[in-house]
file data-v1.pdb (PDB, C-alpha atoms)
ATOM      1  CA  MET A 328       0.184  -6.915  -8.600
ATOM      2  CA  ARG A 329      -2.879  -9.032  -7.827
ATOM      3  CA  LEU A 330      -6.304  -7.827  -6.755
ATOM      4  CA  LEU A 331      -8.721 -10.188  -5.047
ATOM      5  CA  PHE A 332     -12.331  -9.032  -4.663
ATOM      6  CA  TYR A 333     -14.780 -10.764  -2.353
ATOM      7  CA  ARG A 334     -18.348 -10.195  -1.328
ATOM      8  CA  VAL A 335     -18.299 -10.102   2.453
ATOM      9  CA  PRO A 336     -20.528 -12.534   4.363
ATOM     10  CA  THR A 337     -20.878 -11.870   8.063
ATOM     11  CA  LEU A 338     -19.740 -15.408   8.832
ATOM     12  CA  PHE A 339     -16.405 -14.816   7.111
ATOM     13  CA  LEU A 340     -15.536 -11.883   9.315
ATOM     14  CA  SER A 341     -16.816 -13.475  12.500
ATOM     15  CA  CYS A 342     -14.442 -16.413  12.004
ATOM     16  CA  LEU A 343     -11.321 -14.248  12.041
ATOM     17  CA  VAL A 344      -9.598 -13.686  15.356
ATOM     18  CA  VAL A 345      -7.060 -10.885  15.555
ATOM     19  CA  LEU A 346      -5.404 -10.255  18.863
ATOM     20  CA  TYR A 347      -2.580  -7.747  18.347
ATOM     21  CA  HIS A 348      -1.359  -4.699  16.472
ATOM     22  CA  GLU A 349       2.076  -3.111  16.302
ATOM     23  CA  THR A 350       3.934  -0.241  14.641
ATOM     24  CA  ILE A 351       6.717  -0.473  12.049
ATOM     25  CA  ALA A 352       8.788   1.993  10.002
ATOM     26  CA  TYR A 353       7.065   4.741   8.015
ATOM     27  CA  GLU A 354       7.943   8.178   6.628
ATOM     28  CA  THR A 355       7.104  11.233   8.710
ATOM     29  CA  CYS A 356       6.397  14.098   6.302
ATOM     30  CA  SER A 357       7.646  17.607   6.984
ATOM     31  CA  THR A 358       5.396  20.557   7.757
ATOM     32  CA  ASP A 359       5.924  21.768   4.177
ATOM     33  CA  THR A 360       4.490  18.488   2.885
ATOM     34  CA  GLY A 361       1.484  18.240   5.187
ATOM     35  CA  ASN A 362       3.010  16.904   8.424
ATOM     36  CA  GLY A 363       1.445  13.481   7.830
ATOM     37  CA  VAL A 364       2.818   9.993   7.225
ATOM     38  CA  CYS A 365       3.641   7.922   4.144
ATOM     39  CA  PRO A 366       4.810   4.344   3.591
ATOM     40  CA  ASP A 367       8.484   3.718   4.181
ATOM     41  CA  GLY A 368      10.697   5.068   1.366
ATOM     42  CA  ASN A 369       7.952   7.183  -0.210
ATOM     43  CA  THR A 370       8.170  10.770  -1.423
ATOM     44  CA  CYS A 371       5.936  13.108   0.603
ATOM     45  CA  CYS A 372       3.943  15.747  -1.294
ATOM     46  CA  LEU A 373       1.665  18.546  -0.130
ATOM     47  CA  MET A 374      -1.882  17.872  -1.347
ATOM     48  CA  ARG A 375      -4.198  20.717  -2.208
ATOM     49  CA  ASP A 376      -6.276  20.050   0.920
ATOM     50  CA  GLY A 377      -3.169  20.622   3.050
ATOM     51  CA  SER A 378      -2.627  16.965   3.926
ATOM     52  CA  SER A 379       0.289  14.712   2.995
ATOM     53  CA  GLY A 380       0.145  12.740  -0.238
ATOM     54  CA  CYS A 381       2.521   9.906  -1.058
ATOM     55  CA  ILE A 382       4.385   8.714  -4.145
ATOM     56  CA  SER A 383       5.306   5.045  -3.979
ATOM     57  CA  SER A 384       8.908   4.012  -3.397
ATOM     58  CA  ASP A 385       8.600   2.048  -6.654
ATOM     59  CA  MET A 386       8.575   5.443  -8.386
ATOM     60  CA  GLY A 387      11.923   6.362  -6.826
ATOM     61  CA  GLY A 388      12.569   6.537  -3.115
ATOM     62  CA  HIS A 389      12.325  10.062  -1.640
ATOM     63  CA  ASN A 390      13.142  11.772  -4.955
ATOM     64  CA  ALA A 391       9.989  11.597  -7.049
ATOM     65  CA  SER A 392       8.382  14.800  -8.398
ATOM     66  CA  CYS A 393       5.324  16.350  -6.743
ATOM     67  CA  CYS A 394       3.095  18.068  -9.311
ATOM     68  CA  GLU A 395       1.700  21.527  -8.740
ATOM     69  CA  ASP A 396      -1.937  20.396  -8.767
ATOM     70  CA  GLY A 397      -1.534  18.785  -5.339
ATOM     71  CA  VAL A 398      -3.123  15.561  -6.575
ATOM     72  CA  THR A 399      -0.551  13.853  -8.781
ATOM     73  CA  GLY A 400       3.162  13.164  -9.061
ATOM     74  CA  CYS A 401       5.817  11.743 -11.384
ATOM     75  CA  ALA A 402       8.577   9.173 -10.978
ATOM     76  CA  VAL A 403      12.224  10.058 -10.465
ATOM     77  CA  GLY A 404      13.690  11.378 -13.737
ATOM     78  CA  TYR A 405      10.363  12.820 -14.933
ATOM     79  CA  ASN A 406       8.843  16.275 -14.769
ATOM     80  CA  CYS A 407       5.189  17.217 -14.456
ATOM     81  CA  ARG A 408       3.857  18.648 -17.720
ATOM     82  CA  GLN A 409       0.667  20.678 -17.914
ATOM     83  CA  LYS A 410      -0.117  20.356 -21.619
ATOM     84  CA  PRO A 411      -0.551  17.533 -22.183
ATOM     85  CA  TYR A 412      -1.261  16.464 -18.613
ATOM     86  CA  ASP A 413       1.460  13.841 -18.116
ATOM     87  CA  CYS A 414       4.995  13.079 -16.935
ATOM     88  CA  VAL A 415       7.817  13.738 -19.387
ATOM     89  CA  ALA A 416      11.388  12.468 -19.083
ATOM     90  CA  ALA A 417      13.755  15.160 -17.821
ATOM     91  CA  SER A 418      16.430  13.891 -20.196
ATOM     92  CA  THR A 419      16.066  11.919 -23.412
ATOM     93  CA  LYS A 420      19.689  10.850 -23.018
ATOM     94  CA  THR A 421      18.861   8.689 -20.018
ATOM     95  CA  MET A 422      15.404   7.717 -21.301
ATOM     96  CA  LYS A 423      16.364   6.482 -24.765
ATOM     97  CA  ASP A 424      13.359   4.224 -25.227
ATOM     98  CA  PRO A 425      10.612   6.405 -26.779
ATOM     99  CA  LEU A 426       7.943   4.231 -25.129
ATOM    100  CA  VAL A 427       8.906   5.469 -21.656
ATOM    101  CA  ARG A 428       9.738   9.094 -22.364
ATOM    102  CA  VAL A 429       6.178  10.068 -21.528
ATOM    103  CA  LEU A 430       4.174   8.401 -18.745
ATOM    104  CA  PRO A 431       0.801   9.015 -17.066
ATOM    105  CA  ARG A 432       0.830  10.953 -13.847
ATOM    106  CA  TYR A 433       0.776   8.994 -10.591
ATOM    107  CA  ARG A 434      -2.201   9.685  -8.332
ATOM    108  CA  LEU A 435      -1.039  10.629  -4.849
ATOM    109  CA  CYS A 436      -2.240   8.350  -2.093
ATOM    110  CA  LYS A 437      -2.625   8.864   1.630
ATOM    111  CA  ALA A 438      -3.015   6.209   4.270
ATOM    112  CA  PRO A 439      -2.494   7.172   7.915
ATOM    113  CA  GLU A 440      -3.482   3.567   8.710
ATOM    114  CA  ILE A 441      -0.003   2.367   7.662
ATOM    115  CA  LYS A 442       1.302   3.510  11.046
ATOM    116  CA  THR A 443      -0.099   0.270  12.421
ATOM    117  CA  VAL A 444       0.401  -3.298  11.260
ATOM    118  CA  HIS A 445      -2.133  -5.742  12.678
ATOM    119  CA  GLY A 446      -1.593  -9.418  13.442
ATOM    120  CA  LEU A 447      -3.914 -12.248  12.460
ATOM    121  CA  SER A 448      -3.531 -14.958  15.092
ATOM    122  CA  LEU A 449      -2.542 -18.330  13.661
ATOM    123  CA  GLY A 450      -1.892 -20.373  16.759
ATOM    124  CA  ALA A 451       1.317 -19.131  18.349
ATOM    125  CA  ALA A 452       2.237 -17.021  15.294
ATOM    126  CA  ARG A 453       0.718 -13.966  13.624
ATOM    127  CA  LEU A 454       0.306 -12.933  10.006
ATOM    128  CA  ALA A 455       0.935  -9.214   9.498
ATOM    129  CA  TYR A 456      -1.610  -7.127   7.610
ATOM    130  CA  TYR A 457      -2.826  -3.557   7.087
ATOM    131  CA  SER A 458      -6.520  -2.760   7.304
ATOM    132  CA  SER A 459      -8.677   0.187   6.327
ATOM    133  CA  HIS A 460     -11.092  -0.637   9.159
ATOM    134  CA  GLY A 461      -8.667  -1.425  11.973
ATOM    135  CA  PRO A 462      -8.377  -4.895  13.529
ATOM    136  CA  ILE A 463     -10.713  -7.277  11.770
ATOM    137  CA  GLU A 464     -12.011  -8.607  15.077
ATOM    138  CA  ASN A 465     -13.656  -5.221  15.699
ATOM    139  CA  ILE A 466     -15.633  -5.406  12.454
ATOM    140  CA  ASN A 467     -17.769  -8.381  13.462
ATOM    141  CA  THR A 468     -20.787  -6.422  14.639
ATOM    142  CA  ASN A 469     -20.723  -4.096  11.615
ATOM    143  CA  ALA A 470     -19.924  -6.648   8.905
ATOM    144  CA  SER A 471     -23.344  -6.221   7.282
ATOM    145  CA  SER A 472     -22.487  -2.606   6.408
ATOM    146  CA  ILE A 473     -19.427  -3.683   4.353
ATOM    147  CA  ASP A 474     -20.470  -4.429   0.785
ATOM    148  CA  MET A 475     -17.076  -5.296  -0.699
ATOM    149  CA  ALA A 476     -13.705  -6.579   0.523
ATOM    150  CA  LEU A 477     -10.481  -6.018  -1.377
ATOM    151  CA  ILE A 478      -7.424  -8.105  -0.497
ATOM    152  CA  MET A 479      -4.293  -6.530  -1.943
ATOM    153  CA  LEU A 480      -1.236  -8.778  -2.300
ATOM    154  CA  HIS A 481       2.155  -7.122  -2.624
ATOM    155  CA  GLY A 482       4.971  -8.195  -4.939
ATOM    156  CA  ALA A 483       8.581  -9.299  -4.533
ATOM    157  CA  ASN A 484       9.619  -6.043  -2.812
ATOM    158  CA  ARG A 485       7.242  -6.837   0.059
ATOM    159  CA  ASN A 486       6.093  -3.204   0.233
ATOM    160  CA  ALA A 487       2.586  -3.976   1.415
ATOM    161  CA  ASP A 488       2.228  -0.451   2.810
ATOM    162  CA  ASP A 489       2.729   0.996  -0.698
ATOM    163  CA  TYR A 490       0.132  -1.348  -2.153
ATOM    164  CA  PHE A 491      -2.257  -0.558   0.662
ATOM    165  CA  CYS A 492      -1.920   3.198   0.129
ATOM    166  CA  SER A 493      -2.412   2.940  -3.654
ATOM    167  CA  ALA A 494      -5.409   0.643  -3.218
ATOM    168  CA  LEU A 495      -7.066   3.122  -0.855
ATOM    169  CA  THR A 496      -6.793   5.753  -3.575
ATOM    170  CA  ALA A 497      -8.287   3.375  -6.140
ATOM    171  CA  ILE A 498     -11.192   2.641  -3.805
ATOM    172  CA  GLY A 499     -11.811   6.355  -3.418
ATOM    173  CA  LEU A 500     -12.078   6.791  -7.186
ATOM    174  CA  GLN A 501     -14.834   4.193  -7.605
ATOM    175  CA  THR A 502     -18.504   4.821  -6.842
ATOM    176  CA  ARG A 503     -20.106   1.379  -7.042
ATOM    177  CA  PHE A 504     -19.430   0.340  -3.435
ATOM    178  CA  SER A 505     -19.939   2.688  -0.520
ATOM    179  CA  ASN A 506     -18.100   0.764   2.201
ATOM    180  CA  VAL A 507     -15.054  -1.243   1.100
ATOM    181  CA  LEU A 508     -12.888  -3.205   3.497
ATOM    182  CA  LEU A 509      -9.257  -3.179   2.346
ATOM    183  CA  VAL A 510      -6.797  -5.701   3.761
ATOM    184  CA  ALA A 511      -3.165  -5.921   2.635
ATOM    185  CA  PRO A 512      -1.188  -8.860   4.080
ATOM    186  CA  ARG A 513       2.509  -8.274   4.660
ATOM    187  CA  PHE A 514       4.702 -11.328   4.078
ATOM    188  CA  PHE A 515       7.915 -10.602   5.928
ATOM    189  CA  SER A 516      11.230 -11.982   4.730
ATOM    190  CA  GLU A 517      13.835 -13.217   7.184
ATOM    191  CA  ILE A 518      15.846 -10.054   6.453
ATOM    192  CA  ASP A 519      12.984  -7.684   7.276
ATOM    193  CA  THR A 520      12.512  -5.938  10.601
ATOM    194  CA  ARG A 521       9.415  -7.334  12.268
ATOM    195  CA  PRO A 522       7.564  -5.772  15.224
ATOM    196  CA  ASP A 523       8.388  -8.888  17.242
ATOM    197  CA  ASN A 524       9.302 -12.538  16.741
ATOM    198  CA  SER A 525       5.707 -13.746  16.786
ATOM    199  CA  PHE A 526       5.135 -12.393  13.266
ATOM    200  CA  LEU A 527       5.504 -14.955  10.483
ATOM    201  CA  TYR A 528       8.370 -14.631   8.035
ATOM    202  CA  TRP A 529       9.567 -16.546   4.993
ATOM    203  CA  LYS A 530      13.141 -17.566   4.204
ATOM    204  CA  GLU A 531      14.732 -16.307   0.995
ATOM    205  CA  ASP A 532      16.580 -19.490   0.068
ATOM    206  CA  ASP A 533      15.871 -19.152  -3.648
ATOM    207  CA  GLY A 534      15.804 -15.352  -3.885
ATOM    208  CA  GLN A 535      12.311 -15.431  -5.369
ATOM    209  CA  GLY A 536      10.160 -15.068  -2.270
ATOM    210  CA  PRO A 537       8.789 -18.507  -1.376
ATOM    211  CA  TRP A 538       5.691 -16.939   0.213
ATOM    212  CA  ARG A 539       4.469 -16.383  -3.379
ATOM    213  CA  TYR A 540       4.147 -20.100  -4.010
ATOM    214  CA  GLY A 541       0.834 -20.301  -2.137
TER     215      GLY A 541
END

call {"tool": "encode", "arguments": {"input": "data-v1.pdb", "output": "structure tokens"}}
result
Amino acid sequence: MRLLFYRVPTLFLSCLVVLYHETIAYETCSTDTGNGVCPDGNTCCLMRDGSSGCISSDMGGHNASCCEDGVTGCAVGYNCRQKPYDCVAASTKTMKDPLVRVLPRYRLCKAPEIKTVHGLSLGAARLAYYSSHGPIENINTNASSIDMALIMLHGANRNADDYFCSALTAIGLQTRFSNVLLVAPRFFSEIDTRPDNSFLYWKEDDGQGPWRYG
């Protein structure tokens, strides 16, 4: 996981031209878990404010554990423990390594913005991205009110929606910056489903994700 922080000059935002936005797959949570949305493959949890909270697919698709506090969760194979406040392996037989028998709780995230993937125009093609402030082209007139930009780059699983959701939670826990622009590019592979053929994708010739080479 890589975090890139930038101060935001108005000129930077005014130079970006974004023309389109589309929808892609996401989880629709049940009424019992807030009736909201989560990134694709996530576990939906009911938060204490009645909304839907999400546990990343990296923690175990659809089968992670929602904790009773309505704020946290645990990965598949772990149970929420009150004292101490952590996640404990459900079975020591499957979790033989003592270093992973107890893990910190995962903070639930929520990001209704993941219903839309935007497209940064690069000539005839578009680079997919998620944004906390909608299409970047609409931010031009209000750029001076943004005091920090966070660009979140996903890993080999290409789950930019997961990274975006988790980063939104992290932003909400900090108090230094009052208005943070979060952008999470999504580098599609040739095997991924794209909104349409204008979105850029990278071939997987070496199995390592060539988009990571820069």

call {"tool": "residues_around", "arguments": {"input": "data-v1.pdb", "residues": "Trp529 in chain A", "least_positions_apart": "3", "cutoff": "7 Å", "atoms": "all atoms listed in the file", "output": "VMD selection string"}}
result
chain A and resid 515 to 517 537 to 538

call {"tool": "closest_residue", "arguments": {"input": "data-v1.pdb", "among": "A:Val415, A:Tyr490, A:Thr443, A:Pro425", "to": "Ile382 in chain A", "atoms": "only C-alpha atoms"}}
result
A:Tyr490

call {"tool": "residues_around", "arguments": {"input": "data-v1.pdb", "residues": "Arg503 in chain A", "least_positions_apart": "3", "cutoff": "10 Å", "atoms": "only C-alpha atoms", "output": "count of residues only"}}
result
6

call {"tool": "closest_residue", "arguments": {"input": "data-v1.pdb", "among": "A:Thr358, A:Leu426, A:Leu435, A:Ala352", "to": "Ala391 in chain A", "atoms": "only C-alpha atoms"}}
result
A:Leu435

call {"tool": "closest_residue", "arguments": {"input": "data-v1.pdb", "among": "A:Lys410, A:Thr355, A:His481, A:Thr496", "to": "Val398 in chain A", "atoms": "all atoms listed in the file"}}
result
A:Thr496

call {"tool": "resolve_selection", "arguments": {"input": "data-v1.pdb", "expression": "the PyMOL selection byres ((chain A and resi 371) around 9)", "output": "ChimeraX atom specification"}}
result
/A:354-357,360-361,363-365,369-370,372-373,379-382,389,391,393

call {"tool": "closest_residue", "arguments": {"input": "data-v1.pdb", "among": "A:Val444, A:Leu508, A:Leu495, A:Ile518", "to": "Ser472 in chain A", "atoms": "only C-alpha atoms"}}
result
A:Leu508

call {"tool": "residues_near_point", "arguments": {"input": "data-v1.pdb", "point": "(-4.3, 17.0, -2.0)", "cutoff": "6 Å", "atoms": "all atoms listed in the file", "output": "CSV table (one decimal) with C-alpha atoms, in the frame of the given file"}}
result
chain,number,residue,atom,x,y,z
A,374,MET,CA,-1.9,17.9,-1.3
A,375,ARG,CA,-4.2,20.7,-2.2
A,376,ASP,CA,-6.3,20.0,0.9
A,397,GLY,CA,-1.5,18.8,-5.3
A,398,VAL,CA,-3.1,15.6,-6.6

call {"tool": "residues_around", "arguments": {"input": "data-v1.pdb", "residues": "Val403 in chain A", "least_positions_apart": "5", "cutoff": "10 Å", "atoms": "all atoms listed in the file", "output": "PyMOL selection string"}}
result
chain A and resi 370+384-392+416-417

call {"tool": "atom_distance", "arguments": {"input": "data-v1.pdb", "atom1": "CA of Asp413 in chain A", "atom2": "CA of Leu430 in chain A"}}
result
6.1 Å

call {"tool": "closest_residue", "arguments": {"input": "data-v1.pdb", "among": "A:Ala483, A:Glu440, A:Tyr457, A:Ala476", "to": "Ser505 in chain A", "atoms": "only C-alpha atoms"}}
result
A:Ala476

call {"tool": "resolve_selection", "arguments": {"input": "data-v1.pdb", "expression": "the PyMOL selection byres ((chain A and resi 418) around 12)", "output": "list in words"}}
result
Val403, Gly404, Tyr405, Asn406, Cys414, Val415, Ala416, Ala417, Thr419, Lys420, Thr421, Met422, Lys423, Asp424, Pro425, Val427, Arg428 and Val429 of chain A

call {"tool": "write_last_selection", "arguments": {"input": "data-v1.pdb", "atoms": "C-alpha atoms", "output": "PDB file, in the coordinates of the input"}}
result
ATOM      1  CA  VAL A 403      12.224  10.058 -10.465  1.00  0.00           C
ATOM      2  CA  GLY A 404      13.690  11.378 -13.737  1.00  0.00           C
ATOM      3  CA  TYR A 405      10.363  12.820 -14.933  1.00  0.00           C
ATOM      4  CA  ASN A 406       8.843  16.275 -14.769  1.00  0.00           C
ATOM      5  CA  CYS A 414       4.995  13.079 -16.935  1.00  0.00           C
ATOM      6  CA  VAL A 415       7.817  13.738 -19.387  1.00  0.00           C
ATOM      7  CA  ALA A 416      11.388  12.468 -19.083  1.00  0.00           C
ATOM      8  CA  ALA A 417      13.755  15.160 -17.821  1.00  0.00           C
ATOM      9  CA  THR A 419      16.066  11.919 -23.412  1.00  0.00           C
ATOM     10  CA  LYS A 420      19.689  10.850 -23.018  1.00  0.00           C
ATOM     11  CA  THR A 421      18.861   8.689 -20.018  1.00  0.00           C
ATOM     12  CA  MET A 422      15.404   7.717 -21.301  1.00  0.00           C
ATOM     13  CA  LYS A 423      16.364   6.482 -24.765  1.00  0.00           C
ATOM     14  CA  ASP A 424      13.359   4.224 -25.227  1.00  0.00           C
ATOM     15  CA  PRO A 425      10.612   6.405 -26.779  1.00  0.00           C
ATOM     16  CA  VAL A 427       8.906   5.469 -21.656  1.00  0.00           C
ATOM     17  CA  ARG A 428       9.738   9.094 -22.364  1.00  0.00           C
ATOM     18  CA  VAL A 429       6.178  10.068 -21.528  1.00  0.00           C
TER      19      VAL A 429
END

call {"tool": "resolve_selection", "arguments": {"input": "data-v1.pdb", "expression": "the PyMOL selection byres ((chain A and resi 434) around 7)", "output": "PDB file with C-alpha atoms, in the frame of the given file"}}
result
ATOM      1  CA  VAL A 398      -3.123  15.561  -6.575  1.00  0.00           C
ATOM      2  CA  THR A 399      -0.551  13.853  -8.781  1.00  0.00           C
ATOM      3  CA  GLY A 400       3.162  13.164  -9.061  1.00  0.00           C
ATOM      4  CA  ARG A 432       0.830  10.953 -13.847  1.00  0.00           C
ATOM      5  CA  TYR A 433       0.776   8.994 -10.591  1.00  0.00           C
ATOM      6  CA  LEU A 435      -1.039  10.629  -4.849  1.00  0.00           C
ATOM      7  CA  CYS A 436      -2.240   8.350  -2.093  1.00  0.00           C
TER       8      CYS A 436
END
